[in-house]
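Note sheet for the following structure.
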Amino acid sequence: MADWEAKLMGEVPILGYSPSKDHTISPNVAVHLYLPPVATAESGGEGEKLPILVYFHGGGFILHTAFNFVFHGYLTSLAARAGAIVVSVDYNIAPEHPLPAAYDDSWEVLA
């Protein structure tokens with residue numbers, strides 16, 4: 001596995017590690033928040049306004065969740081390097097929830 005692949009998969013520690021946490025939007029929708037180091041109290045960035053990036057994971061509305069390890073390494077790195085709060089949306093997927101359920105969930109996060 002190449003070095004960049006290992007970092008993407010979260011197997012290599014990423015410089016500027018950013019903490020993450022889960023948040024429930026509604027009974028059907030949750031998000032996983034990735035916070036950049038400047039957003040933590042230890043770094044003295046409390047109260048600072050930061051950009052927000054909303055990430056809708058791939059999978060054709062039938063695969064994966066916002067809590068998938070495949071996305072975790074990438075989004076942790078993105079939050080740390082961009083200095084932005086990354087919001088990864090966990091929308092309902094098919095076939096249990098056919099379209100337009102995923103679209104409705106996504107709009108609910110943005111509202």
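In the structure tokens, chains take the letters A, B, ... in the order shown, each chain's residues start at 1, and ligands count up from 1 in the order shown.
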* Do you know which residues are at most 12 Å from A:Val29 counting only C-alpha atoms, after dropping those on the same chain fewer than 2 positions away, and could you put them as a list in words? -> Asp22, His23, Thr24, Ile25, Ser26, Pro27, Val31, His32, Thr65, Ala66, Ser88, Val89, Asp90, Tyr91, Asn92, Ile93, Ala101, Ala102, Tyr103, Asp104, Asp105, Ser106, Trp107, Glu108, Val109 and Leu110 of chain A
Any chance you can output those residues with N, CA, C and O atoms as a short mmCIF file (atom, residue, chain, number, x, y, z; two decimals), in the first residue's frame?
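Final file, again_22.cif:
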data_model
loop_
_atom_site.label_atom_id
_atom_site.label_comp_id
_atom_site.auth_asym_id
_atom_site.auth_seq_id
_atom_site.Cartn_x
_atom_site.Cartn_y
_atom_site.Cartn_z
N ASP A 22 -20.11 12.84 16.97
CA ASP A 22 -21.39 12.60 16.33
C ASP A 22 -22.44 13.56 16.86
O ASP A 22 -22.38 13.98 18.03
N HIS A 23 -23.40 13.89 16.00
CA HIS A 23 -24.50 14.77 16.40
C HIS A 23 -25.77 14.31 15.69
O HIS A 23 -25.73 14.02 14.49
N THR A 24 -26.87 14.23 16.42
CA THR A 24 -28.14 13.82 15.84
C THR A 24 -28.93 15.06 15.42
O THR A 24 -29.15 15.95 16.23
N ILE A 25 -29.35 15.10 14.15
CA ILE A 25 -30.15 16.20 13.62
C ILE A 25 -31.62 15.94 13.88
O ILE A 25 -32.37 16.82 14.28
N SER A 26 -32.07 14.71 13.61
CA SER A 26 -33.45 14.28 13.82
C SER A 26 -33.41 12.77 14.08
O SER A 26 -32.33 12.17 13.99
N PRO A 27 -34.55 12.15 14.36
CA PRO A 27 -34.53 10.69 14.59
C PRO A 27 -33.99 9.90 13.40
O PRO A 27 -33.48 8.80 13.58
N VAL A 31 -25.10 13.38 11.80
CA VAL A 31 -23.91 13.87 11.12
C VAL A 31 -22.70 13.50 11.97
O VAL A 31 -22.80 13.29 13.17
N HIS A 32 -21.57 13.41 11.31
CA HIS A 32 -20.30 13.20 11.99
C HIS A 32 -19.49 14.46 11.76
O HIS A 32 -19.24 14.85 10.62
N THR A 65 -21.94 4.77 5.06
CA THR A 65 -22.54 5.73 5.99
C THR A 65 -21.51 6.83 6.25
O THR A 65 -20.35 6.72 5.85
N ALA A 66 -21.94 7.85 6.96
CA ALA A 66 -21.02 8.94 7.31
C ALA A 66 -19.97 8.46 8.30
O ALA A 66 -18.95 9.11 8.48
N SER A 88 -20.09 15.56 7.91
CA SER A 88 -20.36 14.41 7.06
C SER A 88 -21.77 13.91 7.36
O SER A 88 -22.08 13.53 8.49
N VAL A 89 -22.63 13.93 6.35
CA VAL A 89 -24.05 13.64 6.53
C VAL A 89 -24.32 12.14 6.41
O VAL A 89 -23.90 11.50 5.45
N ASP A 90 -25.04 11.59 7.39
CA ASP A 90 -25.45 10.19 7.36
C ASP A 90 -26.92 10.13 6.96
O ASP A 90 -27.80 10.12 7.79
N TYR A 91 -27.16 10.11 5.66
CA TYR A 91 -28.53 10.07 5.15
C TYR A 91 -28.99 8.62 5.01
O TYR A 91 -28.19 7.69 4.98
N ASN A 92 -30.31 8.40 4.97
CA ASN A 92 -30.88 7.06 4.79
C ASN A 92 -30.60 6.56 3.39
O ASN A 92 -30.66 7.32 2.42
N ILE A 93 -30.28 5.27 3.29
CA ILE A 93 -29.91 4.69 1.99
C ILE A 93 -30.94 3.64 1.56
O ILE A 93 -31.67 3.09 2.37
N ALA A 101 -35.72 9.70 -0.23
CA ALA A 101 -35.40 9.78 1.20
C ALA A 101 -34.02 10.39 1.44
O ALA A 101 -33.86 11.24 2.32
N ALA A 102 -33.01 9.98 0.68
CA ALA A 102 -31.66 10.52 0.85
C ALA A 102 -31.62 12.01 0.55
O ALA A 102 -30.95 12.78 1.25
N TYR A 103 -32.35 12.44 -0.46
CA TYR A 103 -32.41 13.86 -0.78
C TYR A 103 -33.09 14.65 0.34
O TYR A 103 -32.61 15.73 0.73
N ASP A 104 -34.18 14.12 0.85
CA ASP A 104 -34.89 14.80 1.94
C ASP A 104 -34.03 14.93 3.17
O ASP A 104 -33.99 15.97 3.82
N ASP A 105 -33.30 13.84 3.51
CA ASP A 105 -32.40 13.88 4.66
C ASP A 105 -31.29 14.91 4.47
O ASP A 105 -30.92 15.62 5.41
N SER A 106 -30.76 14.98 3.27
CA SER A 106 -29.70 15.93 2.97
C SER A 106 -30.18 17.37 3.11
O SER A 106 -29.49 18.22 3.67
N TRP A 107 -31.36 17.64 2.63
CA TRP A 107 -31.93 18.99 2.76
C TRP A 107 -32.21 19.32 4.23
O TRP A 107 -32.07 20.47 4.65
N GLU A 108 -32.59 18.31 5.01
CA GLU A 108 -32.87 18.54 6.42
C GLU A 108 -31.62 19.00 7.16
O GLU A 108 -31.69 19.86 8.05
N VAL A 109 -30.47 18.47 6.79
CA VAL A 109 -29.22 18.89 7.41
C VAL A 109 -28.90 20.34 7.06
O VAL A 109 -28.42 21.11 7.90
N LEU A 110 -29.19 20.73 5.83
CA LEU A 110 -28.88 22.10 5.40
C LEU A 110 -29.85 23.14 5.93
O LEU A 110 -29.54 24.33 5.97
#
* Hey, can you check how far atom CA of A:Pro37 sits from atom CA of A:Phe67? ->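 Going from atom CA of A:Pro37 over to atom CA of A:Phe67 covers 20.1 Å.
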